[in-house]
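Read the structure below first, then the notes.
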Amino acid sequence: MSDSDLRAGLERDIARAVEDVPGVAFLRPGVYGRLRSDRTAGGPGRAGGRPAGVRMSRAGDGGAWQVDIHLVALAGARTVDVARAVRGTARERMAAGLPADAVPARVTVTVTGLV
């Protein structure tokens, strides 16, 4: 399986898991997802079928994965607790998806708004 296929599958898995974390209202697409038209991007909030709000990249050949998550939280939840829970959930999904990966993923969670 290529890095691209692996990345796409993990992004979808992480997005589904993060949406179920208490206090998460929804994942928020980045600038790229907002600038692309719905017709060319695969639907609202999607960039070529990729889930909104979750992006993964890898530093060099065999380097650590970087997972960036952008979300909107519920106003009644403590934002720091939501961000910590999302980070933990993403790390769990990465560990499950890459059990042999010796270098743990670096997960960054950005709360872009409250509703």
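FYI, nothing fancy with the structure tokens labels: chains A, B, ... in order, residues from 1 per chain, ligands from 1 as they appear.
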Sorted by chain and rising residue number, list the residues of stretch 56-84 of chain A at most 12 Å from stretch 90-106 of chain A (counting only C-alpha atoms), each with its closest atom pair and distance in Å to one decimal, as JSON lines.
```
{"residue": "A:Met56", "atom": "CA", "partner": "A:Ala105", "partner_atom": "CA", "distance": 9.6}
{"residue": "A:Ser57", "atom": "CA", "partner": "A:Ala105", "partner_atom": "CA", "distance": 10.0}
{"residue": "A:Arg58", "atom": "CA", "partner": "A:Ala105", "partner_atom": "CA", "distance": 9.2}
{"residue": "A:Ala59", "atom": "CA", "partner": "A:Ala105", "partner_atom": "CA", "distance": 10.6}
{"residue": "A:Gly62", "atom": "CA", "partner": "A:Val103", "partner_atom": "CA", "distance": 8.7}
{"residue": "A:Gly63", "atom": "CA", "partner": "A:Val103", "partner_atom": "CA", "distance": 7.3}
{"residue": "A:Ala64", "atom": "CA", "partner": "A:Val103", "partner_atom": "CA", "distance": 5.5}
{"residue": "A:Trp65", "atom": "CA", "partner": "A:Ala105", "partner_atom": "CA", "distance": 4.7}
{"residue": "A:Gln66", "atom": "CA", "partner": "A:Arg106", "partner_atom": "CA", "distance": 4.9}
{"residue": "A:Val67", "atom": "CA", "partner": "A:Arg106", "partner_atom": "CA", "distance": 6.1}
{"residue": "A:Asp68", "atom": "CA", "partner": "A:Arg106", "partner_atom": "CA", "distance": 8.5}
{"residue": "A:Ile69", "atom": "CA", "partner": "A:Ala90", "partner_atom": "CA", "distance": 8.9}
{"residue": "A:Ala83", "atom": "CA", "partner": "A:Ala90", "partner_atom": "CA", "distance": 10.5}
{"residue": "A:Arg84", "atom": "CA", "partner": "A:Ala90", "partner_atom": "CA", "distance": 9.9}
```
For the residues in that selection, give me C-alpha atoms as a compact mmCIF listing (two decimals), in the first residue's frame.
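New file part.txt:
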```
# COMPACT_ATOMS: atom_id res chain seq x y z
CA MET A 56 -1.70 14.22 7.13
CA SER A 57 1.81 14.58 5.83
CA ARG A 58 5.07 12.77 6.33
CA ALA A 59 8.49 14.31 6.78
CA GLY A 62 10.07 7.00 6.87
CA GLY A 63 9.85 10.12 9.00
CA ALA A 64 7.15 10.83 11.54
CA TRP A 65 3.60 11.49 10.39
CA GLN A 66 2.15 14.95 11.05
CA VAL A 67 -1.62 15.05 11.60
CA ASP A 68 -3.32 18.46 11.52
CA ILE A 69 -6.93 18.66 12.70
CA ALA A 83 -8.63 19.43 22.02
CA ARG A 84 -6.90 16.93 24.33
```
* To do: Pull the strand (DSSP E or B) assignments for stretch 3-109 of chain A out of DSSP run on the backbone, and list those residues as a list in words.
  =>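 After running DSSP on the backbone, stretch 3-109 of chain A has strand (DSSP E or B) at Val24, Ala25, Phe26, Leu27, Ala47, Arg50, Val54, Arg55, Met56, Ser57, Arg58, Trp65, Gln66, Val67, Asp68, Ile69, His70, Leu71, Val72, Ala73, Arg106, Val107, Thr108 and Val109 of chain A.
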* Within 6 Å of A:Val72, counting only C-alpha atoms, which residues qualify if same-chain residues fewer than 3 places away don't, as number ranges by chain? -> A: 25-26, 111-114
Store the residues picked out above, limited to C-alpha atoms, as a PDB file, in the first residue's frame.
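Now in out.pdb:
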```pdb
ATOM      1  CA  ALA A  25     -19.427  20.271  16.617  1.00  0.00           C
ATOM      2  CA  PHE A  26     -17.814  19.515  13.235  1.00  0.00           C
ATOM      3  CA  VAL A 111     -10.102  24.844  17.418  1.00  0.00           C
ATOM      4  CA  THR A 112     -11.192  27.451  14.877  1.00  0.00           C
ATOM      5  CA  GLY A 113     -14.509  28.398  16.422  1.00  0.00           C
ATOM      6  CA  LEU A 114     -17.325  27.717  18.864  1.00  0.00           C
TER       7      LEU A 114
END
```
Polymer residues at most 12 Å from A:Ala73, only C-alpha atoms, same-chain spacing of 2 or more positions, as a PDB file with N, CA and C atoms, in the first residue's frame:
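See selection_12.pdb below for the written result:
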```
ATOM      1  N   VAL A  18     -12.927  11.461  15.250  1.00  0.00           N
ATOM      2  CA  VAL A  18     -12.907  12.788  15.869  1.00  0.00           C
ATOM      3  C   VAL A  18     -14.313  13.381  15.927  1.00  0.00           C
ATOM      4  N   GLU A  19     -15.127  13.148  14.904  1.00  0.00           N
ATOM      5  CA  GLU A  19     -16.489  13.688  14.904  1.00  0.00           C
ATOM      6  C   GLU A  19     -17.325  13.125  16.051  1.00  0.00           C
ATOM      7  N   ASP A  20     -16.938  11.967  16.587  1.00  0.00           N
ATOM      8  CA  ASP A  20     -17.658  11.347  17.693  1.00  0.00           C
ATOM      9  C   ASP A  20     -17.156  11.776  19.073  1.00  0.00           C
ATOM     10  N   VAL A  21     -16.090  12.569  19.120  1.00  0.00           N
ATOM     11  CA  VAL A  21     -15.551  13.027  20.406  1.00  0.00           C
ATOM     12  C   VAL A  21     -16.527  14.041  21.012  1.00  0.00           C
ATOM     13  N   PRO A  22     -16.901  13.858  22.286  1.00  0.00           N
ATOM     14  CA  PRO A  22     -17.804  14.824  22.929  1.00  0.00           C
ATOM     15  C   PRO A  22     -17.231  16.237  22.882  1.00  0.00           C
ATOM     16  N   GLY A  23     -18.068  17.186  22.502  1.00  0.00           N
ATOM     17  CA  GLY A  23     -17.646  18.582  22.423  1.00  0.00           C
ATOM     18  C   GLY A  23     -17.264  19.036  21.033  1.00  0.00           C
ATOM     19  N   VAL A  24     -17.127  18.105  20.084  1.00  0.00           N
ATOM     20  CA  VAL A  24     -16.799  18.473  18.705  1.00  0.00           C
ATOM     21  C   VAL A  24     -18.105  18.735  17.960  1.00  0.00           C
ATOM     22  N   ALA A  25     -18.240  19.949  17.411  1.00  0.00           N
ATOM     23  CA  ALA A  25     -19.427  20.271  16.617  1.00  0.00           C
ATOM     24  C   ALA A  25     -19.255  19.713  15.199  1.00  0.00           C
ATOM     25  N   PHE A  26     -18.115  20.037  14.567  1.00  0.00           N
ATOM     26  CA  PHE A  26     -17.814  19.515  13.235  1.00  0.00           C
ATOM     27  C   PHE A  26     -16.371  19.819  12.884  1.00  0.00           C
ATOM     28  N   LEU A  27     -15.868  19.092  11.901  1.00  0.00           N
ATOM     29  CA  LEU A  27     -14.533  19.349  11.375  1.00  0.00           C
ATOM     30  C   LEU A  27     -14.626  20.508  10.398  1.00  0.00           C
ATOM     31  N   ARG A  28     -13.617  21.317  10.382  1.00  0.00           N
ATOM     32  CA  ARG A  28     -13.632  22.514   9.538  1.00  0.00           C
ATOM     33  C   ARG A  28     -12.588  22.377   8.437  1.00  0.00           C
ATOM     34  N   HIS A  70      -8.438  20.490  12.228  1.00  0.00           N
ATOM     35  CA  HIS A  70      -9.111  21.768  12.448  1.00  0.00           C
ATOM     36  C   HIS A  70     -10.575  21.466  12.715  1.00  0.00           C
ATOM     37  N   LEU A  71     -11.106  22.029  13.808  1.00  0.00           N
ATOM     38  CA  LEU A  71     -12.485  21.731  14.172  1.00  0.00           C
ATOM     39  C   LEU A  71     -13.159  22.922  14.819  1.00  0.00           C
ATOM     40  N   ALA A  75     -19.958  25.294  22.248  1.00  0.00           N
ATOM     41  CA  ALA A  75     -19.691  26.387  23.195  1.00  0.00           C
ATOM     42  C   ALA A  75     -19.757  25.937  24.651  1.00  0.00           C
ATOM     43  N   GLY A  76     -20.561  24.932  24.966  1.00  0.00           N
ATOM     44  CA  GLY A  76     -20.701  24.484  26.346  1.00  0.00           C
ATOM     45  C   GLY A  76     -19.565  23.605  26.837  1.00  0.00           C
ATOM     46  N   ALA A  77     -18.676  23.188  25.940  1.00  0.00           N
ATOM     47  CA  ALA A  77     -17.579  22.295  26.317  1.00  0.00           C
ATOM     48  C   ALA A  77     -16.314  23.103  26.610  1.00  0.00           C
ATOM     49  N   ARG A  78     -15.484  22.566  27.491  1.00  0.00           N
ATOM     50  CA  ARG A  78     -14.179  23.195  27.741  1.00  0.00           C
ATOM     51  C   ARG A  78     -13.271  22.900  26.560  1.00  0.00           C
ATOM     52  N   THR A  79     -12.861  23.936  25.864  1.00  0.00           N
ATOM     53  CA  THR A  79     -12.106  23.787  24.626  1.00  0.00           C
ATOM     54  C   THR A  79     -10.827  22.981  24.821  1.00  0.00           C
ATOM     55  N   VAL A  80     -10.110  23.205  25.893  1.00  0.00           N
ATOM     56  CA  VAL A  80      -8.862  22.485  26.126  1.00  0.00           C
ATOM     57  C   VAL A  80      -9.118  20.989  26.297  1.00  0.00           C
ATOM     58  N   ASP A  81     -10.216  20.636  26.961  1.00  0.00           N
ATOM     59  CA  ASP A  81     -10.553  19.218  27.127  1.00  0.00           C
ATOM     60  C   ASP A  81     -10.930  18.574  25.800  1.00  0.00           C
ATOM     61  N   VAL A  82     -11.657  19.318  24.968  1.00  0.00           N
ATOM     62  CA  VAL A  82     -12.024  18.805  23.645  1.00  0.00           C
ATOM     63  C   VAL A  82     -10.764  18.578  22.816  1.00  0.00           C
ATOM     64  N   ALA A  83      -9.870  19.547  22.799  1.00  0.00           N
ATOM     65  CA  ALA A  83      -8.632  19.429  22.017  1.00  0.00           C
ATOM     66  C   ALA A  83      -7.786  18.249  22.497  1.00  0.00           C
ATOM     67  N   ALA A  85      -8.866  15.520  24.042  1.00  0.00           N
ATOM     68  CA  ALA A  85      -9.562  14.279  23.685  1.00  0.00           C
ATOM     69  C   ALA A  85      -9.401  13.976  22.197  1.00  0.00           C
ATOM     70  N   VAL A  86      -9.472  15.002  21.370  1.00  0.00           N
ATOM     71  CA  VAL A  86      -9.292  14.817  19.921  1.00  0.00           C
ATOM     72  C   VAL A  86      -7.872  14.349  19.631  1.00  0.00           C
ATOM     73  N   VAL A 109      -3.983  19.972  17.027  1.00  0.00           N
ATOM     74  CA  VAL A 109      -5.429  20.235  16.997  1.00  0.00           C
ATOM     75  C   VAL A 109      -5.623  21.745  17.110  1.00  0.00           C
ATOM     76  N   THR A 110      -6.385  22.295  16.154  1.00  0.00           N
ATOM     77  CA  THR A 110      -6.698  23.720  16.165  1.00  0.00           C
ATOM     78  C   THR A 110      -8.213  23.866  16.251  1.00  0.00           C
ATOM     79  N   VAL A 111      -8.676  24.559  17.281  1.00  0.00           N
ATOM     80  CA  VAL A 111     -10.102  24.844  17.418  1.00  0.00           C
ATOM     81  C   VAL A 111     -10.307  26.212  16.774  1.00  0.00           C
ATOM     82  N   THR A 112     -11.038  26.232  15.662  1.00  0.00           N
ATOM     83  CA  THR A 112     -11.192  27.451  14.877  1.00  0.00           C
ATOM     84  C   THR A 112     -12.433  28.254  15.225  1.00  0.00           C
ATOM     85  N   GLY A 113     -13.311  27.677  16.051  1.00  0.00           N
ATOM     86  CA  GLY A 113     -14.509  28.398  16.422  1.00  0.00           C
ATOM     87  C   GLY A 113     -15.348  27.630  17.418  1.00  0.00           C
ATOM     88  N   LEU A 114     -16.388  28.306  17.922  1.00  0.00           N
ATOM     89  CA  LEU A 114     -17.325  27.717  18.864  1.00  0.00           C
ATOM     90  C   LEU A 114     -18.745  27.959  18.350  1.00  0.00           C
ATOM     91  N   VAL A 115     -19.610  26.977  18.536  1.00  0.00           N
ATOM     92  CA  VAL A 115     -21.031  27.154  18.173  1.00  0.00           C
ATOM     93  C   VAL A 115     -21.896  26.697  19.336  1.00  0.00           C
TER      94      VAL A 115
END
```
* To do: Give me every alpha helix (DSSP H) residue in chain A, going by DSSP on the backbone, as JSON, numbers by chain.
  => {"A": [3, 4, 5, 6, 7, 8, 9, 10, 11, 12, 13, 14, 15, 16, 17, 18, 19, 31, 32, 33, 34, 35, 38, 39, 40, 41, 79, 80, 81, 82, 83, 84, 85, 86, 87, 88, 89, 90, 91, 92, 93, 94, 95, 96, 97]}
